[in-house]
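Asks: Dropping a structure here in structure tokens format, bear with me for questions.
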Amino acid sequence: MGISQKSDPRRIAVLGATGSIGQSGLDVIAASHGRLTAAVLTAHRQTAKLAELAGRFRPEVLVVTDPDADRTPLADLAKTTRIFYGPEGLDEAVSSPEVDIVLAAIVGGAGLRGSWRALEAGKTLALANKESLVLAGSLLCGLARKTGGRILPVDSEHSAIWQALASCRPAEAPYGPGMPGSGEQIRRLILTASGGPFRNRPLAELERVTVAEALAHPTWKMGKKITIDSATMMNKAFEIIEARWLFGLPPEKIDVMIHPQSIIHSMVEFIDGAVVAQLGTPDMRLPIQLALNGMERLPGPAAPLDWSMTRTLELIPPDEGRFPAISLGRRVARDGGSAGAVVNAANEVAVAAFLAGKIPFCRITGICQSILDHHQFEQEPSLERLFELDRQARMEAQAWISD
Ligand code: NAD
Ligand code: MG
């Protein structure tokens, strides 16, 4: 039997198909020899790009989440394809019986809706949208337990940890939030971080860095928002929170190490002192393909490491004074409740303001900190309440920016 026939074909809903992860996901689908198919594609505004992708991948359903987006590029496709406009379109598309796996690759808190609906419908959620877990980690993990929906990590660090954890539990053990049976064997998770473009920049100069400098990530090519999050290290803060929910570990057991080469994607230190790491080129197609294939290993489009060259792999403890986002992330991971929704909302507003030239780079984390310090913490907010808190925090962050 050929390797590509090992399991049934999987039909994928690619949420955020026009973005960086969406495109990498489609590369993986295109290289899968028909094993993976694109059943649903979504985009927010880029309807011309969506039309082009629909021509290549022939999905049954398209969703354009911004109801005001230009519909003309999709006019011809409307004869053969079901097209939904507005965020509500995600609900039906994601829960359709024609979908096996949902690749959650929308950016920001807007991604939570699709993640929620996918788990509610008991689907497998290949999760790139870490903001879903930052906002509503406790509720999403509870929902997955209730419906039997699985959350598979796409974020490269969490994929690496998942792979490292496979060394301490039987291969057939079911994966799920909390991963019963493995927690007591883990001394710590070590998330690696490139350190972004400002790792060695004198602190006094961070006041003056430009948008172009902040967008010039040394090792990964990604969407704008996560690229700025990497420069502030808010991305690593969010990954601490993400790991807390995905692996059910307290934040004291989640460490960060700067690794400028982005070859070691993360590590697990076990109680016997052994450290298991996953290495590979910095190419998101690898963790995406692992998740879309249900964590089964198959050949794929990611380039292997070049072993003919000498390379140095550095691991440097982070300077948390330079990157206050890391301790903010630990605090939110420890507190849970409403903290994640508030910080995520403040960060989205602050990043957008920085990209628009309205605030200096070094104010982004400060705004998140201030909004968190001023908000009335709630331990067990409902999903509706989290959306409400998200709206309030966005308004407050706007007010801080206008001051
Ligand atoms: P991107 O900006 O390149 O793409 C975002 C996608 O989301 C686009 O398809 C866009 O149309 C859609 N979108 C934007 N706003 C929307 C809204 N309000 N409603 C619905 N759809 C909307 O972003 P990206 O870099 O691909 O990142 C996507 C997610 O994956 C983020 O959560 C990010 O943190 C995570 N992630 C990205 C990478 C990476 O390498 N790019 C790595 C790890 C995790
Ligand atoms: Mg990551």
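All residue names refer to the structure tokens as shown: chains lettered A, B, ... in order, residues numbered from 1 in each chain, ligands numbered from 1 in order.
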Please identify the residues whose atoms come within 8 Å of ligand 1, using only C-alpha atoms and all ligand atoms, and report them as a VMD selection string.
Replies: chain A and resid 15 to 23 42 to 46 64 to 66 87 104 to 111 127 to 132 154 to 156 220 to 227 235 283 to 284
Asks: Report as a ChimeraX atom specification all protein, DNA and RNA residues lying within 10 Å of Pro304 of chain A, evaluated on only C-alpha atoms, omitting residues in the same chain fewer than 4 positions from it.
Replies: /A:279-283,286,300
Asks: Could those residues be written to a file, using all heavy atoms, as a JSON list (two decimals), in the first residue's frame?
Replies:
```json
[["chain", "number", "residue", "atom", "x", "y", "z"],
["A", 279, "LEU", "N", 13.92, 19.43, 16.02],
["A", 279, "LEU", "CA", 14.67, 20.36, 15.16],
["A", 279, "LEU", "C", 14.13, 20.30, 13.74],
["A", 279, "LEU", "O", 13.58, 19.28, 13.32],
["A", 279, "LEU", "CB", 16.16, 19.97, 15.12],
["A", 279, "LEU", "CG", 17.06, 20.32, 16.30],
["A", 279, "LEU", "CD1", 16.69, 19.54, 17.54],
["A", 279, "LEU", "CD2", 18.52, 20.08, 15.95],
["A", 280, "GLY", "N", 14.31, 21.37, 13.01],
["A", 280, "GLY", "CA", 13.93, 21.38, 11.60],
["A", 280, "GLY", "C", 14.14, 22.78, 11.04],
["A", 280, "GLY", "O", 14.44, 23.72, 11.79],
["A", 281, "THR", "N", 13.99, 22.92, 9.73],
["A", 281, "THR", "CA", 14.10, 24.25, 9.14],
["A", 281, "THR", "C", 12.93, 25.10, 9.64],
["A", 281, "THR", "O", 11.88, 24.56, 9.99],
["A", 281, "THR", "CB", 14.03, 24.18, 7.59],
["A", 281, "THR", "OG1", 12.93, 23.36, 7.25],
["A", 281, "THR", "CG2", 15.29, 23.61, 7.00],
["A", 282, "PRO", "N", 13.10, 26.44, 9.68],
["A", 282, "PRO", "CA", 11.95, 27.27, 10.08],
["A", 282, "PRO", "C", 10.94, 27.35, 8.94],
["A", 282, "PRO", "O", 10.97, 28.27, 8.14],
["A", 282, "PRO", "CB", 12.57, 28.63, 10.42],
["A", 282, "PRO", "CG", 13.96, 28.61, 9.89],
["A", 282, "PRO", "CD", 14.32, 27.21, 9.50],
["A", 283, "ASP", "N", 10.07, 26.37, 8.85],
["A", 283, "ASP", "CA", 9.10, 26.28, 7.75],
["A", 283, "ASP", "C", 7.78, 25.77, 8.35],
["A", 283, "ASP", "O", 7.71, 24.62, 8.79],
["A", 283, "ASP", "CB", 9.63, 25.30, 6.69],
["A", 283, "ASP", "CG", 8.74, 25.23, 5.46],
["A", 283, "ASP", "OD1", 7.54, 25.54, 5.56],
["A", 283, "ASP", "OD2", 9.26, 24.85, 4.39],
["A", 286, "LEU", "N", 5.82, 22.28, 7.96],
["A", 286, "LEU", "CA", 6.05, 21.02, 8.69],
["A", 286, "LEU", "C", 5.03, 20.83, 9.83],
["A", 286, "LEU", "O", 4.31, 19.82, 9.83],
["A", 286, "LEU", "CB", 7.50, 20.97, 9.19],
["A", 286, "LEU", "CG", 7.99, 19.56, 9.51],
["A", 286, "LEU", "CD1", 9.47, 19.43, 9.24],
["A", 286, "LEU", "CD2", 7.69, 19.15, 10.93],
["A", 300, "GLY", "N", 6.51, 15.58, 2.83],
["A", 300, "GLY", "CA", 5.77, 16.82, 2.59],
["A", 300, "GLY", "C", 6.66, 17.87, 1.96],
["A", 300, "GLY", "O", 7.82, 17.60, 1.65]]
```
Asks: Hey, which of A:Leu290, A:Leu389, A:Ala38, A:Ala75 ends up closest to Ala126 of chain A? Count only C-alpha atoms.
Replies: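 With only C-alpha atoms as the atom set, the closest residue is A:Leu290.
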Asks: In segment 224-348 of chain A, what's strand (DSSP E or B) per DSSP? Answer as a ChimeraX atom specification?
Replies: /A:254-258,264-270,275-279,316
Asks: Write the selection just made, keeping N, CA and C atoms, as a compact mmCIF listing (two decimals), in the first residue's frame?
Replies:
```
# COMPACT_ATOMS: atom_id res chain seq x y z
N ILE A 254 6.89 26.32 32.57
CA ILE A 254 7.05 26.71 31.16
C ILE A 254 8.11 27.80 31.07
N ASP A 255 9.26 27.45 30.52
CA ASP A 255 10.37 28.40 30.40
C ASP A 255 10.54 28.85 28.96
N VAL A 256 11.30 29.93 28.79
CA VAL A 256 11.60 30.45 27.45
C VAL A 256 13.11 30.56 27.32
N MET A 257 13.65 30.16 26.18
CA MET A 257 15.08 30.38 25.87
C MET A 257 15.17 31.05 24.51
N ILE A 258 16.06 32.03 24.42
CA ILE A 258 16.30 32.67 23.12
C ILE A 258 17.19 31.74 22.28
N ILE A 264 15.92 24.74 16.60
CA ILE A 264 15.30 23.95 17.69
C ILE A 264 13.95 24.59 17.95
N HIS A 265 12.87 23.85 17.71
CA HIS A 265 11.55 24.49 17.77
C HIS A 265 10.93 24.49 19.16
N SER A 266 11.46 23.71 20.06
CA SER A 266 11.15 23.72 21.50
C SER A 266 11.60 22.40 22.10
N MET A 267 11.54 22.32 23.43
CA MET A 267 12.10 21.14 24.11
C MET A 267 11.27 20.80 25.34
N VAL A 268 11.40 19.55 25.77
CA VAL A 268 10.81 19.14 27.03
C VAL A 268 11.92 18.54 27.89
N GLU A 269 12.01 19.02 29.14
CA GLU A 269 12.94 18.40 30.10
C GLU A 269 12.11 17.51 31.01
N PHE A 270 12.50 16.25 31.09
CA PHE A 270 11.76 15.28 31.90
C PHE A 270 12.37 15.16 33.30
N VAL A 275 16.49 15.77 28.08
CA VAL A 275 15.83 16.86 27.35
C VAL A 275 15.58 16.36 25.93
N VAL A 276 14.33 16.41 25.50
CA VAL A 276 13.99 15.96 24.14
C VAL A 276 13.55 17.19 23.35
N ALA A 277 14.22 17.40 22.19
CA ALA A 277 13.94 18.58 21.36
C ALA A 277 13.48 18.15 19.98
N GLN A 278 12.81 19.02 19.27
CA GLN A 278 12.51 18.78 17.86
C GLN A 278 13.21 19.86 17.05
N LEU A 279 13.92 19.43 16.02
CA LEU A 279 14.67 20.36 15.16
C LEU A 279 14.13 20.30 13.74
N ILE A 316 20.08 31.03 24.80
CA ILE A 316 20.43 32.14 25.69
C ILE A 316 19.22 32.46 26.57
```
Asks: Excluding Ala144 of chain A and any residue of its chain fewer than 4 positions from it, enumerate the residues within 12 Å of it, using only C-alpha atoms, and give them as a PyMOL selection string.
Replies: chain A and resi 115-125+137-140+148-152+175-178+245-246
Asks: Counting only C-alpha atoms and all ligand atoms, which residue out of A:Ala393, A:Ala160, A:Leu315, A:Leu383 sits closest to ligand 2?
Replies: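 Among A:Ala393, A:Ala160, A:Leu315, A:Leu383, it is A:Ala160 that comes nearest to ligand 2.
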Asks: Counting only C-alpha atoms and all ligand atoms, which of A:Leu191, A:Ala216, A:Leu77, A:Val342 gets nearest to ligand 2?
Replies: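 Looking at the shortest contact to ligand 2, the residue is A:Leu191.
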Asks: Quick one: distance from atom CA of Gly142 of chain A to atom CA of Ser95 of chain A in Å, one decimal?
Replies: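 Taking atom CA of Gly142 of chain A and atom CA of Ser95 of chain A, their separation equals 18.1 Å.
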Asks: List as a short mmCIF file (atom, residue, chain, number, x, y, z; two decimals) with all heavy atoms, in the first residue's frame the protein and nucleic acid residues near Val349 of chain A, meaning an atom at most 9 Å away when only C-alpha atoms are counted, but skip any in the same chain fewer than 5 places from it.
Replies:
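Result written to result_37.cif:
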```
data_model
loop_
_atom_site.label_atom_id
_atom_site.label_comp_id
_atom_site.auth_asym_id
_atom_site.auth_seq_id
_atom_site.Cartn_x
_atom_site.Cartn_y
_atom_site.Cartn_z
N ASN A 344 -5.19 40.26 25.25
CA ASN A 344 -5.22 40.05 23.80
C ASN A 344 -5.85 41.25 23.08
O ASN A 344 -5.33 41.72 22.07
CB ASN A 344 -5.99 38.77 23.47
CG ASN A 344 -6.08 38.58 21.97
OD1 ASN A 344 -5.07 38.35 21.32
ND2 ASN A 344 -7.26 38.74 21.41
N PHE A 354 0.60 50.95 16.52
CA PHE A 354 2.03 51.05 16.16
C PHE A 354 2.20 50.97 14.64
O PHE A 354 2.91 51.78 14.04
CB PHE A 354 2.84 49.94 16.86
CG PHE A 354 4.23 49.82 16.31
CD1 PHE A 354 5.17 50.83 16.53
CD2 PHE A 354 4.61 48.72 15.54
CE1 PHE A 354 6.46 50.74 15.99
CE2 PHE A 354 5.89 48.62 15.01
CZ PHE A 354 6.81 49.64 15.24
N ILE A 364 3.78 49.41 23.28
CA ILE A 364 2.81 48.32 23.04
C ILE A 364 2.59 47.49 24.31
O ILE A 364 1.46 47.34 24.79
CB ILE A 364 3.25 47.40 21.86
CG1 ILE A 364 3.40 48.22 20.57
CG2 ILE A 364 2.26 46.26 21.67
CD1 ILE A 364 3.97 47.43 19.39
N ARG A 394 -10.85 46.79 24.21
CA ARG A 394 -10.45 47.49 22.97
C ARG A 394 -10.73 48.99 23.10
O ARG A 394 -9.93 49.82 22.70
CB ARG A 394 -11.20 46.91 21.76
CG ARG A 394 -10.60 45.62 21.28
CD ARG A 394 -11.44 44.91 20.23
NE ARG A 394 -11.09 43.50 20.24
CZ ARG A 394 -10.18 42.94 19.44
NH1 ARG A 394 -9.57 43.66 18.52
NH2 ARG A 394 -9.89 41.67 19.56
N MET A 395 -11.88 49.32 23.68
CA MET A 395 -12.23 50.75 23.83
C MET A 395 -11.26 51.42 24.80
O MET A 395 -10.79 52.54 24.57
CB MET A 395 -13.66 50.90 24.31
CG MET A 395 -14.63 50.62 23.18
SD MET A 395 -16.36 50.92 23.50
CE MET A 395 -16.68 50.47 25.13
N ALA A 397 -8.19 50.53 25.48
CA ALA A 397 -6.86 50.64 24.85
C ALA A 397 -6.85 51.83 23.89
O ALA A 397 -5.87 52.59 23.84
CB ALA A 397 -6.50 49.35 24.13
N GLN A 398 -7.94 52.01 23.15
CA GLN A 398 -8.03 53.16 22.23
C GLN A 398 -7.90 54.46 23.02
O GLN A 398 -7.22 55.38 22.60
CB GLN A 398 -9.39 53.18 21.49
CG GLN A 398 -9.53 52.12 20.41
CD GLN A 398 -8.60 52.33 19.22
OE1 GLN A 398 -7.81 53.27 19.20
NE2 GLN A 398 -8.67 51.45 18.25
N ILE A 401 -4.39 55.13 23.99
CA ILE A 401 -3.60 55.56 22.83
C ILE A 401 -3.87 57.02 22.49
O ILE A 401 -2.96 57.78 22.16
CB ILE A 401 -3.89 54.63 21.63
CG1 ILE A 401 -3.19 53.30 21.87
CG2 ILE A 401 -3.47 55.23 20.30
CD1 ILE A 401 -3.72 52.15 21.09
#
```
Asks: Rank nothing, just name the residue among A:Ala193, A:Val211, A:Leu328, A:Leu372 nearest to ligand 2, using only C-alpha atoms and all ligand atoms.
Replies: A:Ala193
Asks: Could you tell me which of A:Ser402, A:Ser194, A:Ser382, A:Thr365 comes closest to ligand 2 if we count only C-alpha atoms and all ligand atoms?
Replies: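 Comparing A:Ser402, A:Ser194, A:Ser382, A:Thr365 against ligand 2, the winner is A:Ser194.
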Asks: If you run DSSP over the backbone, which residues in segment 32-271 of chain A end up helix (DSSP H, G or I)? Put them as a PyMOL selection string.
Replies: chain A and resi 47-57+72-74+77-79+89-95+109-120+131-147+156-168+183-185+203-208+211-215+224-232+234-247+251-253
Asks: Got a sec: who's within 10 Å of Thr80 of chain A, counting only C-alpha atoms, leaving out chain neighbours fewer than 2 positions off, as a PyMOL selection string?
Replies: chain A and resi 58-61+76-78+82-83
Asks: Got time to write the residues from that selection, C-alpha atoms, as a CSV table (one decimal), in the first residue's frame?
Replies:
```csv
chain,number,residue,atom,x,y,z
A,58,ARG,CA,-12.1,23.8,-6.0
A,59,PRO,CA,-13.6,23.9,-2.5
A,60,GLU,CA,-17.4,23.4,-2.0
A,61,VAL,CA,-17.8,26.4,0.2
A,76,ASP,CA,-18.5,33.6,-11.6
A,77,LEU,CA,-17.8,31.1,-8.8
A,78,ALA,CA,-21.2,31.7,-7.3
A,82,ARG,CA,-21.7,28.1,-2.0
A,83,ILE,CA,-20.5,31.5,-0.9
```
Asks: To one decimal place, how far is atom CA of Cys362 of chain A from atom CA of Asp403 of chain A in Å?
Replies: 15.9 Å
Asks: Taking only C-alpha atoms and all ligand atoms into account, name the residue in A:His33, A:Arg11, A:Arg145, A:Lys236 that is nearest to ligand 2.
Replies: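 The closest residue to ligand 2 is A:Lys236.
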Asks: Show me, as a compact mmCIF listing (two decimals) with C-alpha atoms, in the first residue's frame, the residues that have an atom within 8 Å of Ala13 of chain A when counting only C-alpha atoms, minus same-chain residues fewer than 5 positions from it.
Replies:
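Written output follows (part.txt):
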```
# COMPACT_ATOMS: atom_id res chain seq x y z
CA ALA A 38 -9.73 21.90 0.68
CA ALA A 39 -13.47 21.72 1.42
CA VAL A 40 -13.83 25.29 2.72
CA LEU A 41 -11.73 28.43 2.19
CA ALA A 93 -19.00 26.10 6.94
CA VAL A 94 -16.97 24.79 9.87
CA VAL A 99 -15.32 18.95 6.91
CA ASP A 100 -12.99 16.66 8.91
CA ILE A 101 -10.33 19.11 10.10
CA VAL A 102 -10.44 22.85 10.65
CA LEU A 103 -7.16 24.72 10.11
```
Asks: For atom CA of Ala237 of chain A and atom CA of Ala325 of chain A, determine how far apart the two atoms are, in Å to one decimal place.
Replies: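 So the two atoms, atom CA of Ala237 of chain A and atom CA of Ala325 of chain A, lie 5.9 Å apart.
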